[in-house]
Amino acid sequence: MRARWTLTPLMLATIVSTAQSSEVATNLELIASPTARIHPKAPVLLGSNRQGGARGASAMEPRRQARLYQGVLVAWLYNFGVAVSALQQQYIFHQLFSEDGSAVPTPMSALLYGYKKACDYLFTFLTVGWCGALSDRVGRRPLMAYSAAGLAVGFLMVGTCNRRLPQQLLLAGCIDGLSSCMPNICQAYVSDLSPDEGSRAKNLALLQGASLTGAFLVGFPLSVFISSRTNSYRIPVFVAAVSQLLNILVILLIPESKLPSAPVKVARKRSRLCRVLKRKTGHEMPQTKKKVQLDPPWAALLTLATPTLQTLAVAYVLAIIVQSSLDDGFLLSTQLQFGWGQQQAAPILVLVGILLAAVPQFLIPRLGVQGSISFGLPVLAAGMAGLCLAPTPALFIAAICVVSVGCVCLPTMLVYLISLVPEDQKGAALGAVEALKTLAKVLSSSTTPAAFALFTSNRAPFGIRLPGAPFGWASIVAIASFMVQMRAMGNLA
């Protein structure tokens, strides 16, 4: 006769107390009462290490090691999709909102597109800090897959929009914003693989350069090629959506750089134990442990609690406003001032991508983190002033090269800030910085088109038509960022 399972109160209490330890939970076995006998073929719970046990064998296998190139590849594919669709989304938007149905930007269509981007960045601001803190608990890969899926859905909505449903573009912007956590999650992935500040600065610069190179060197030319061959602005947007589906597949294949935190792992193991006990005995395990509570979306900002971190965050946000003004105003000003289209703009963007990839790798090892900041911010301000006042295409190209060199300050400012944060809060701090970064983009995407519309309309101040006016404002902001950054660095010296 086969022996039966006997569950006594002493056994139940022992199981509950043992489940609190993550070390013991993975090797937990039932404790039999003195009057019970366990059959030799009885099942073993929760990964016993008995010989021949499938879960025991898998538990002994070494975990695959995450590599730097894997995080760069995910960021590369993400930025590739953004680049393929970036130019075309603007033209689709101008077609839908211009009076004659052309893709030429007008003050009104520029304002409306800016509001769409502001809506995107606003939702990013409300959620990206929560995603960064959540990645510290559950790992980086789930948030990477979530971000790529949201971007793919947004692309599909833009590609299928028509004149009868222009609100669909705003909804696509909201979806993009809710899932736009990929940049800071990839930064956290790379930071997990960087042992010290020096390697972290170099690796983050490599991440920025390599991922943006994919956007500029491949994405923009391919977008222009597909659009010209198909005579459609929508086909490249669908290609961008497919690239994010491929990105999801890549994310599923790469290993995790950060294991879930201990409270989450213990909660998962205890939940499995509850299910097994209920199936075997019909009894519920007492709920002696509360569920793991997630922080509110903006809780990551609390990691920037000290005055020094807050000052450095302000300086970084101002620098992001400068960079975003170039992204928001480049096509508007060049198309109106020099008559550039996709064919003329794409080679310039390729050149920018080459400089963004090469300059940090050359300057950071020679100047160091603080030296790159002190050098980059003034150069960035000078380049923006040149873009504002450049009367010819040649001078405009020279100024944009200066701006690309000055952008070396961006990854080093981020590294300098993150180096002052405790190790177990770096993911949350990156989420907080990314939240502030998107708030800066909300301001930029609203003010840059507004300045362009003002200085290209009949109401231009003093009758001066100046398509590069947003770049002049950005130059002043870059000077302010330099002053704030130097003050904070001086206080730490």
# chains A, B, ... in the order shown; residues from 1 in each chain; ligands from 1
>>> residues_around(residues="Pro166 (chain A)", least_positions_apart="6", cutoff="9 Å", atoms="only C-alpha atoms", output="list in words")
Phe93, Leu96 and Phe97 of chain A
>>> closest_atom_pairs(of="region 437-493 of chain A", to="region 384-402 of chain A", cutoff="12 Å", atoms="only C-alpha atoms", output="JSON lines")
{"residue": "A:Ala451", "atom": "CA", "partner": "A:Cys388", "partner_atom": "CA", "distance": 12.0}
{"residue": "A:Phe452", "atom": "CA", "partner": "A:Cys388", "partner_atom": "CA", "distance": 11.3}
{"residue": "A:Phe455", "atom": "CA", "partner": "A:Cys388", "partner_atom": "CA", "distance": 11.8}
{"residue": "A:Arg465", "atom": "CA", "partner": "A:Leu389", "partner_atom": "CA", "distance": 11.7}
{"residue": "A:Leu466", "atom": "CA", "partner": "A:Cys388", "partner_atom": "CA", "distance": 7.9}
{"residue": "A:Pro467", "atom": "CA", "partner": "A:Cys388", "partner_atom": "CA", "distance": 7.8}
{"residue": "A:Gly468", "atom": "CA", "partner": "A:Cys388", "partner_atom": "CA", "distance": 4.3}
{"residue": "A:Ala469", "atom": "CA", "partner": "A:Cys388", "partner_atom": "CA", "distance": 5.7}
{"residue": "A:Pro470", "atom": "CA", "partner": "A:Cys388", "partner_atom": "CA", "distance": 7.3}
{"residue": "A:Phe471", "atom": "CA", "partner": "A:Cys388", "partner_atom": "CA", "distance": 5.0}
{"residue": "A:Gly472", "atom": "CA", "partner": "A:Cys388", "partner_atom": "CA", "distance": 5.2}
{"residue": "A:Trp473", "atom": "CA", "partner": "A:Ala385", "partner_atom": "CA", "distance": 8.5}
{"residue": "A:Ala474", "atom": "CA", "partner": "A:Met384", "partner_atom": "CA", "distance": 6.5}
{"residue": "A:Ser475", "atom": "CA", "partner": "A:Met384", "partner_atom": "CA", "distance": 5.0}
{"residue": "A:Ile476", "atom": "CA", "partner": "A:Ala385", "partner_atom": "CA", "distance": 8.5}
{"residue": "A:Val477", "atom": "CA", "partner": "A:Met384", "partner_atom": "CA", "distance": 9.9}
{"residue": "A:Ala478", "atom": "CA", "partner": "A:Met384", "partner_atom": "CA", "distance": 8.5}
{"residue": "A:Ile479", "atom": "CA", "partner": "A:Met384", "partner_atom": "CA", "distance": 10.5}
>>> residues_around(residues="Gln65 (chain A)", least_positions_apart="6", cutoff="12 Å", atoms="only C-alpha atoms", output="ChimeraX atom specification")
/A:192-193,254-259
>>> atom_distance(atom1="CA of Gln335 (chain A)", atom2="CA of Thr106 (chain A)")
10.6 Å
>>> residues_around(residues="region 347-352 of chain A", least_positions_apart="4", cutoff="7 Å", atoms="only C-alpha atoms", output="VMD selection string")
chain A and resid 216 to 217 356 401 404
>>> write_last_selection(atoms="N, CA, C and O atoms", output="PDB file, in the first residue's frame")
ATOM      1  N   PHE A 216      22.140  57.327 -37.985  1.00  0.00           N
ATOM      2  CA  PHE A 216      22.531  58.296 -39.011  1.00  0.00           C
ATOM      3  C   PHE A 216      23.131  57.632 -40.254  1.00  0.00           C
ATOM      4  O   PHE A 216      22.779  57.985 -41.376  1.00  0.00           O
ATOM      5  N   LEU A 217      24.021  56.674 -40.058  1.00  0.00           N
ATOM      6  CA  LEU A 217      24.726  56.093 -41.199  1.00  0.00           C
ATOM      7  C   LEU A 217      23.855  55.139 -42.000  1.00  0.00           C
ATOM      8  O   LEU A 217      24.072  54.977 -43.207  1.00  0.00           O
ATOM      9  N   LEU A 356      29.651  62.034 -34.009  1.00  0.00           N
ATOM     10  CA  LEU A 356      29.156  61.642 -32.685  1.00  0.00           C
ATOM     11  C   LEU A 356      29.756  60.317 -32.225  1.00  0.00           C
ATOM     12  O   LEU A 356      29.931  60.090 -31.030  1.00  0.00           O
ATOM     13  N   CYS A 401      29.277  70.777 -37.642  1.00  0.00           N
ATOM     14  CA  CYS A 401      30.422  69.943 -37.240  1.00  0.00           C
ATOM     15  C   CYS A 401      30.943  70.375 -35.867  1.00  0.00           C
ATOM     16  O   CYS A 401      31.305  69.539 -35.030  1.00  0.00           O
ATOM     17  N   SER A 404      28.660  69.012 -33.277  1.00  0.00           N
ATOM     18  CA  SER A 404      28.868  67.581 -33.075  1.00  0.00           C
ATOM     19  C   SER A 404      30.065  67.312 -32.177  1.00  0.00           C
ATOM     20  O   SER A 404      30.040  66.389 -31.354  1.00  0.00           O
TER      21      SER A 404
END
>>> atom_distance(atom1="CA of Gly406 (chain A)", atom2="CA of Gln361 (chain A)")
13.2 Å
>>> residues_around(residues="Ala201 (chain A)", least_positions_apart="4", cutoff="7 Å", atoms="only C-alpha atoms", output="VMD selection string")
chain A and resid 197 205 412 415
>>> write_last_selection(atoms="all heavy atoms", output="CSV table (one decimal), in the first residue's frame")
chain,number,residue,atom,x,y,z
A,197,GLU,N,34.3,53.9,-13.0
A,197,GLU,CA,33.8,55.1,-13.6
A,197,GLU,C,34.5,55.3,-15.0
A,197,GLU,O,33.8,55.8,-15.9
A,197,GLU,CB,34.1,56.3,-12.7
A,197,GLU,CG,33.7,57.7,-13.3
A,197,GLU,CD,34.1,58.8,-12.4
A,197,GLU,OE1,34.4,58.6,-11.2
A,197,GLU,OE2,34.0,60.0,-12.9
A,205,ALA,N,29.8,56.3,-23.8
A,205,ALA,CA,30.1,57.0,-25.0
A,205,ALA,C,30.1,56.1,-26.3
A,205,ALA,O,29.6,56.5,-27.3
A,205,ALA,CB,31.5,57.6,-24.9
A,412,THR,N,29.6,62.5,-20.9
A,412,THR,CA,30.5,62.7,-19.7
A,412,THR,C,29.7,63.4,-18.6
A,412,THR,O,30.0,63.2,-17.4
A,412,THR,CB,31.7,63.5,-20.1
A,412,THR,OG1,31.3,64.7,-20.9
A,412,THR,CG2,32.6,62.7,-21.0
A,415,VAL,N,27.8,60.6,-16.9
A,415,VAL,CA,28.7,59.8,-16.2
A,415,VAL,C,29.1,60.4,-14.9
A,415,VAL,O,29.1,59.8,-13.8
A,415,VAL,CB,29.9,59.4,-17.0
A,415,VAL,CG1,31.0,58.7,-16.1
A,415,VAL,CG2,29.5,58.4,-18.1
